[in-house]
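Engineer: Below: one structure in structure tokens.
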Amino acid sequence: MDGLSWTSTSTPLLYPRPYHFDSDSIYVGTIPLSLKTGDFLFLYSAVNSDDDRTRTGWTILDAVNPTIVIQRGNESIMSPKLDWEQDIYLTSIIPDPYGCPSDVGDIIGSDFVSNAECFIGVYGIYEIGAVRVVSSWIDDNSSSTTPSSDTCADVDSTCPSMASQCSLSAYQPIMCKYCQKTCNLCKNPKCNN
């Protein structure tokens with residue numbers, strides 16, 4: 001990719017999901033933001049079928065092939081709460097030039113502080129406001145969250161939606177850790193059961 005030209009794919013990046021906040025339609029969001037992992041955080045706008053108000057969702061896109069969705073949130077990160085609030089369109093977001101605030105542990109929990117990345121942005125259509133978005137994960141190699149072969153299970157509820165990545169060797173370490181049942185990796189010696 002040279003940043004100037006690209007090939008249009010015939011497959012949409014995201015589809016509406018029944019019984020979720022994005023069940024009716026999905027709209028373009030902010031530009032994808034590069035994370036410490038190399039992957040991309042993509043925030044998008046969505047409408048559910050219960051009302052006509054727009055919410056903000058998130059997904060993590062693969063660093064090597066950003067058309068691959070690694071993870072997608074089941075709940076919106078921003079949504080109208082009050083009767084007078086209509087739509088929450090996150091229109092722009094950038095890495096916070098000052099980094100994360102000193103109290104980020106109070107916001108996301110102390111287990112997530114070491115990998116926290118903070119972003120700031122603006123949202124609006126009918127209302128205008130500023131927002132801080134914090135992205136993080138727990139990377140604890142000392143105590144494995146990989147299920148044992150006796151209790152083969154998926155750790156992440158989004159594994160069935162990522163089944164297409166099970167056969168890709170680049171994804172085997174993460175699938176071993178989080179999606180053993182979906183990927184049929186319970187007895188795979190490479191998963192260190």
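By convention in this document, the chains of the structure tokens carry letters A, B, ... by their order, each chain's residues are numbered from 1, and ligands are numbered from 1 in the order they are shown.
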What's around region 82-98 of chain A at 6 Å? Count only C-alpha atoms, leave out sequence neighbours fewer than 4 positions away in its own chain, and write the answer as an mmCIF file with C-alpha atoms, in the first residue's frame.
Structural biologist:
data_model
loop_
_atom_site.group_PDB
_atom_site.id
_atom_site.type_symbol
_atom_site.label_atom_id
_atom_site.label_comp_id
_atom_site.auth_asym_id
_atom_site.auth_seq_id
_atom_site.Cartn_x
_atom_site.Cartn_y
_atom_site.Cartn_z
ATOM 1 C CA THR A 30 -12.667 7.791 12.830
ATOM 2 C CA ARG A 53 -29.950 7.011 17.802
ATOM 3 C CA THR A 54 -26.310 6.594 16.853
ATOM 4 C CA ARG A 55 -23.740 4.986 19.133
ATOM 5 C CA CYS A 118 -5.021 7.270 25.743
ATOM 6 C CA PHE A 119 -6.690 9.156 22.934
ATOM 7 C CA ILE A 120 -8.717 12.365 22.849
ATOM 8 C CA GLY A 121 -11.425 13.325 20.420
ATOM 9 C CA VAL A 122 -14.565 15.255 19.716
ATOM 10 C CA TYR A 123 -18.073 14.045 19.039
ATOM 11 C CA GLY A 124 -21.215 15.710 17.923
#
Engineer: Write out as a list in words the residues lying within 7 Å of Ala116 (chain A), counting only C-alpha atoms and excluding same-chain residues fewer than 4 positions away.
Structural biologist: Phe112, Val134, Ser135 and Ser136 of chain A
Engineer: Looking only at strand (DSSP E or B) from DSSP on the backbone, list the matching residues of region 17-191 of chain A as an NGL selection string.
Structural biologist: :A and (25-27 or 33-34 or 40-47 or 54-61 or 69-72 or 78 or 90-95 or 117-124 or 128-135 or 154 or 179)
Engineer: What does the file look like for those residues with N, CA and C atoms, as a compact mmCIF listing (two decimals), in the first residue's frame?
Structural biologist:
# COMPACT_ATOMS: atom_id res chain seq x y z
N SER A 25 -27.57 -0.64 11.44
CA SER A 25 -26.66 -0.15 10.41
C SER A 25 -25.34 0.30 11.02
N ILE A 26 -24.33 0.34 10.17
CA ILE A 26 -22.98 0.73 10.57
C ILE A 26 -22.51 1.83 9.64
N TYR A 27 -21.88 2.86 10.22
CA TYR A 27 -21.39 4.00 9.46
C TYR A 27 -19.91 4.17 9.70
N LEU A 33 -6.49 4.01 14.43
CA LEU A 33 -5.35 4.48 15.20
C LEU A 33 -4.40 3.33 15.49
N SER A 34 -3.11 3.55 15.26
CA SER A 34 -2.11 2.52 15.52
C SER A 34 -1.93 2.34 17.03
N PHE A 40 -4.63 -1.94 14.88
CA PHE A 40 -5.32 -0.67 14.78
C PHE A 40 -6.62 -0.68 15.57
N LEU A 41 -6.88 0.41 16.28
CA LEU A 41 -8.15 0.64 16.94
C LEU A 41 -9.02 1.43 15.97
N PHE A 42 -10.18 0.87 15.62
CA PHE A 42 -11.10 1.54 14.71
C PHE A 42 -12.42 1.77 15.44
N LEU A 43 -12.82 3.02 15.56
CA LEU A 43 -14.08 3.39 16.19
C LEU A 43 -15.08 3.72 15.09
N TYR A 44 -16.27 3.17 15.21
CA TYR A 44 -17.27 3.35 14.16
C TYR A 44 -18.61 3.76 14.75
N SER A 45 -19.47 4.29 13.92
CA SER A 45 -20.81 4.70 14.33
C SER A 45 -21.80 3.62 13.94
N ALA A 46 -22.82 3.43 14.78
CA ALA A 46 -23.80 2.38 14.52
C ALA A 46 -25.15 2.75 15.10
N VAL A 47 -26.19 2.16 14.54
CA VAL A 47 -27.56 2.35 15.01
C VAL A 47 -28.14 0.98 15.31
N THR A 54 -27.62 7.12 17.23
CA THR A 54 -26.31 6.59 16.85
C THR A 54 -25.42 6.42 18.07
N ARG A 55 -24.68 5.32 18.07
CA ARG A 55 -23.74 4.99 19.13
C ARG A 55 -22.35 4.79 18.53
N THR A 56 -21.34 4.67 19.39
CA THR A 56 -19.98 4.43 18.93
C THR A 56 -19.53 3.04 19.36
N GLY A 57 -19.02 2.28 18.41
CA GLY A 57 -18.49 0.95 18.69
C GLY A 57 -17.00 0.91 18.40
N TRP A 58 -16.37 -0.19 18.76
CA TRP A 58 -14.93 -0.33 18.53
C TRP A 58 -14.61 -1.70 17.97
N THR A 59 -13.49 -1.75 17.27
CA THR A 59 -12.95 -3.01 16.77
C THR A 59 -11.44 -2.87 16.67
N ILE A 60 -10.75 -3.99 16.76
CA ILE A 60 -9.30 -4.02 16.58
C ILE A 60 -9.03 -4.68 15.23
N LEU A 61 -8.27 -3.98 14.39
CA LEU A 61 -7.93 -4.48 13.06
C LEU A 61 -6.49 -4.97 13.04
N VAL A 69 -10.63 -8.37 11.11
CA VAL A 69 -11.08 -7.91 12.42
C VAL A 69 -10.61 -8.93 13.46
N ILE A 70 -9.75 -8.48 14.38
CA ILE A 70 -9.24 -9.36 15.44
C ILE A 70 -10.23 -9.45 16.59
N GLN A 71 -10.78 -8.31 16.96
CA GLN A 71 -11.71 -8.28 18.08
C GLN A 71 -12.71 -7.16 17.84
N ARG A 72 -13.93 -7.37 18.35
CA ARG A 72 -14.99 -6.36 18.18
C ARG A 72 -15.81 -6.31 19.45
N MET A 78 -19.80 4.56 23.59
CA MET A 78 -20.50 5.83 23.79
C MET A 78 -21.90 5.68 23.22
N LEU A 90 -18.55 10.04 16.88
CA LEU A 90 -17.18 10.39 17.22
C LEU A 90 -16.51 10.79 15.92
N THR A 91 -16.27 12.09 15.75
CA THR A 91 -15.84 12.59 14.44
C THR A 91 -14.33 12.60 14.24
N SER A 92 -13.57 12.75 15.30
CA SER A 92 -12.12 12.72 15.16
C SER A 92 -11.49 12.31 16.48
N ILE A 93 -10.34 11.68 16.38
CA ILE A 93 -9.64 11.22 17.58
C ILE A 93 -8.15 11.15 17.25
N ILE A 94 -7.33 11.51 18.23
CA ILE A 94 -5.87 11.46 18.08
C ILE A 94 -5.26 10.91 19.36
N PRO A 95 -4.02 10.41 19.28
CA PRO A 95 -3.34 10.03 20.53
C PRO A 95 -3.23 11.26 21.43
N GLU A 117 -3.25 3.04 26.63
CA GLU A 117 -2.99 4.07 25.62
C GLU A 117 -4.19 5.00 25.63
N CYS A 118 -3.93 6.30 25.64
CA CYS A 118 -5.02 7.27 25.74
C CYS A 118 -5.13 8.10 24.47
N PHE A 119 -6.37 8.37 24.12
CA PHE A 119 -6.69 9.16 22.93
C PHE A 119 -7.71 10.22 23.33
N ILE A 120 -7.71 11.33 22.62
CA ILE A 120 -8.72 12.36 22.85
C ILE A 120 -9.42 12.65 21.52
N GLY A 121 -10.67 13.06 21.63
CA GLY A 121 -11.42 13.33 20.42
C GLY A 121 -12.62 14.20 20.68
N VAL A 122 -13.33 14.48 19.61
CA VAL A 122 -14.57 15.25 19.72
C VAL A 122 -15.70 14.46 19.08
N TYR A 123 -16.89 14.69 19.60
CA TYR A 123 -18.07 14.04 19.04
C TYR A 123 -19.15 15.09 18.88
N GLY A 124 -20.10 14.79 18.04
CA GLY A 124 -21.22 15.71 17.92
C GLY A 124 -21.97 15.59 16.63
N ILE A 128 -22.22 18.74 21.08
CA ILE A 128 -20.78 18.67 20.80
C ILE A 128 -20.07 18.49 22.13
N GLY A 129 -19.08 17.63 22.14
CA GLY A 129 -18.33 17.40 23.36
C GLY A 129 -16.98 16.80 23.07
N ALA A 130 -16.18 16.72 24.12
CA ALA A 130 -14.86 16.10 24.03
C ALA A 130 -14.89 14.78 24.79
N VAL A 131 -14.00 13.89 24.40
CA VAL A 131 -14.00 12.56 25.00
C VAL A 131 -12.56 12.04 25.11
N ARG A 132 -12.31 11.24 26.13
CA ARG A 132 -11.05 10.51 26.24
C ARG A 132 -11.38 9.04 26.05
N VAL A 133 -10.63 8.37 25.19
CA VAL A 133 -10.77 6.94 24.97
C VAL A 133 -9.50 6.28 25.47
N VAL A 134 -9.65 5.25 26.30
CA VAL A 134 -8.50 4.51 26.82
C VAL A 134 -8.57 3.09 26.29
N SER A 135 -7.48 2.66 25.69
CA SER A 135 -7.37 1.29 25.18
C SER A 135 -6.31 0.57 25.99
N ASP A 154 -13.35 -21.55 25.15
CA ASP A 154 -12.90 -20.27 24.64
C ASP A 154 -12.91 -19.27 25.78
N CYS A 179 -8.99 -18.87 22.02
CA CYS A 179 -10.06 -19.51 21.24
C CYS A 179 -9.79 -20.99 20.96
Engineer: If we count only C-alpha atoms, what is near Ser23 (chain A) at a cut-off of 7 Å, once residues fewer than 5 positions away on the same chain are taken out, given as a PDB file with C-alpha atoms, in the first residue's frame?
Structural biologist:
ATOM      1  CA  PRO A  16     -24.709  -5.216  11.528  1.00  0.00           C
ATOM      2  CA  ARG A  17     -25.208  -7.849  14.261  1.00  0.00           C
ATOM      3  CA  PRO A  18     -28.650  -8.927  15.502  1.00  0.00           C
ATOM      4  CA  VAL A  47     -27.559   2.351  15.011  1.00  0.00           C
ATOM      5  CA  ASN A  48     -29.534  -0.419  16.687  1.00  0.00           C
ATOM      6  CA  SER A  49     -32.945  -1.550  15.528  1.00  0.00           C
TER       7      SER A  49
END
Engineer: How many Å separate CA of Val104 (chain A) from CA of Ile77 (chain A)?
Structural biologist: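 Going from CA of Val104 (chain A) over to CA of Ile77 (chain A), I get 16.6 Å.
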Engineer: From the DSSP assignment of the backbone, select every residue of chain A that is helix (DSSP H, G or I), and format the answer as a PyMOL selection string.
Structural biologist: chain A and resi 104-108+110-115+149-151+159-165+169-178+189-191
Engineer: Between A:Ser5, A:Asn115, A:Gln180, A:Ser102, single out the one closest to Cys159 (chain A), counting only C-alpha atoms.
Structural biologist: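 Among the listed residues, the smallest separation from Cys159 (chain A) belongs to A:Gln180.
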Engineer: Grab the CA of Leu35 (chain A) to CA of Ile174 (chain A) distance for me, in Å with one decimal place.
Structural biologist: 16.7 Å
Engineer: Just give me the gap between CA of Thr11 (chain A) and CA of Pro66 (chain A) in Å, one decimal is fine.
Structural biologist: 12.8 Å
Engineer: Could you check which of A:Lys81, A:Lys181, A:Lys36, A:His20 is closest to Ser114 (chain A), using only C-alpha atoms?
Structural biologist: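 Residue with the minimum atom-to-atom distance to Ser114 (chain A): A:Lys36.
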Engineer: Identify, on the basis of only C-alpha atoms, every residue whose closest approach to Met175 (chain A) does not exceed 10 Å; exclude the query and any residue fewer than 5 positions from it along the same chain; express the result as a list in words.
Structural biologist: Thr146, Asp154, Val155, Asp156, Cys159, Met162, Ala163, Gln165, Cys166, Ser167, Leu168, Ser169, Ala170, Gln180, Lys181, Thr182, Cys183, Asn184, Leu185 and Cys191 of chain A
Engineer: I need the residues from that last selection saved to file as a PDB file, in the first residue's frame (with C-alpha atoms), if you can.
Structural biologist:
ATOM      1  CA  THR A 146      -5.351 -20.800  28.390  1.00  0.00           C
ATOM      2  CA  ASP A 154     -12.899 -20.271  24.637  1.00  0.00           C
ATOM      3  CA  VAL A 155     -11.780 -17.440  26.891  1.00  0.00           C
ATOM      4  CA  ASP A 156     -13.169 -14.762  24.558  1.00  0.00           C
ATOM      5  CA  CYS A 159     -14.126 -16.426  19.094  1.00  0.00           C
ATOM      6  CA  MET A 162     -13.003 -15.067  14.326  1.00  0.00           C
ATOM      7  CA  ALA A 163     -13.089 -18.726  13.223  1.00  0.00           C
ATOM      8  CA  GLN A 165      -8.390 -16.919  11.405  1.00  0.00           C
ATOM      9  CA  CYS A 166      -7.989 -20.319  13.107  1.00  0.00           C
ATOM     10  CA  SER A 167      -6.005 -21.779  10.219  1.00  0.00           C
ATOM     11  CA  LEU A 168      -3.665 -18.800   9.815  1.00  0.00           C
ATOM     12  CA  SER A 169      -0.288 -19.572  11.385  1.00  0.00           C
ATOM     13  CA  ALA A 170       0.266 -15.937  12.356  1.00  0.00           C
ATOM     14  CA  GLN A 180      -8.984 -23.135  21.736  1.00  0.00           C
ATOM     15  CA  LYS A 181     -12.456 -24.643  21.458  1.00  0.00           C
ATOM     16  CA  THR A 182     -13.536 -22.702  18.360  1.00  0.00           C
ATOM     17  CA  CYS A 183     -10.228 -23.450  16.607  1.00  0.00           C
ATOM     18  CA  ASN A 184     -10.111 -27.103  17.730  1.00  0.00           C
ATOM     19  CA  LEU A 185      -6.722 -26.540  19.390  1.00  0.00           C
ATOM     20  CA  CYS A 191      -0.690 -24.452  22.689  1.00  0.00           C
TER      21      CYS A 191
END
Engineer: Return the single residue from A:Thr7, A:Gln172, A:Ala153, A:Asp52 that is closest to Asp24 (chain A), with distances computed using only C-alpha atoms.
Structural biologist: A:Asp52
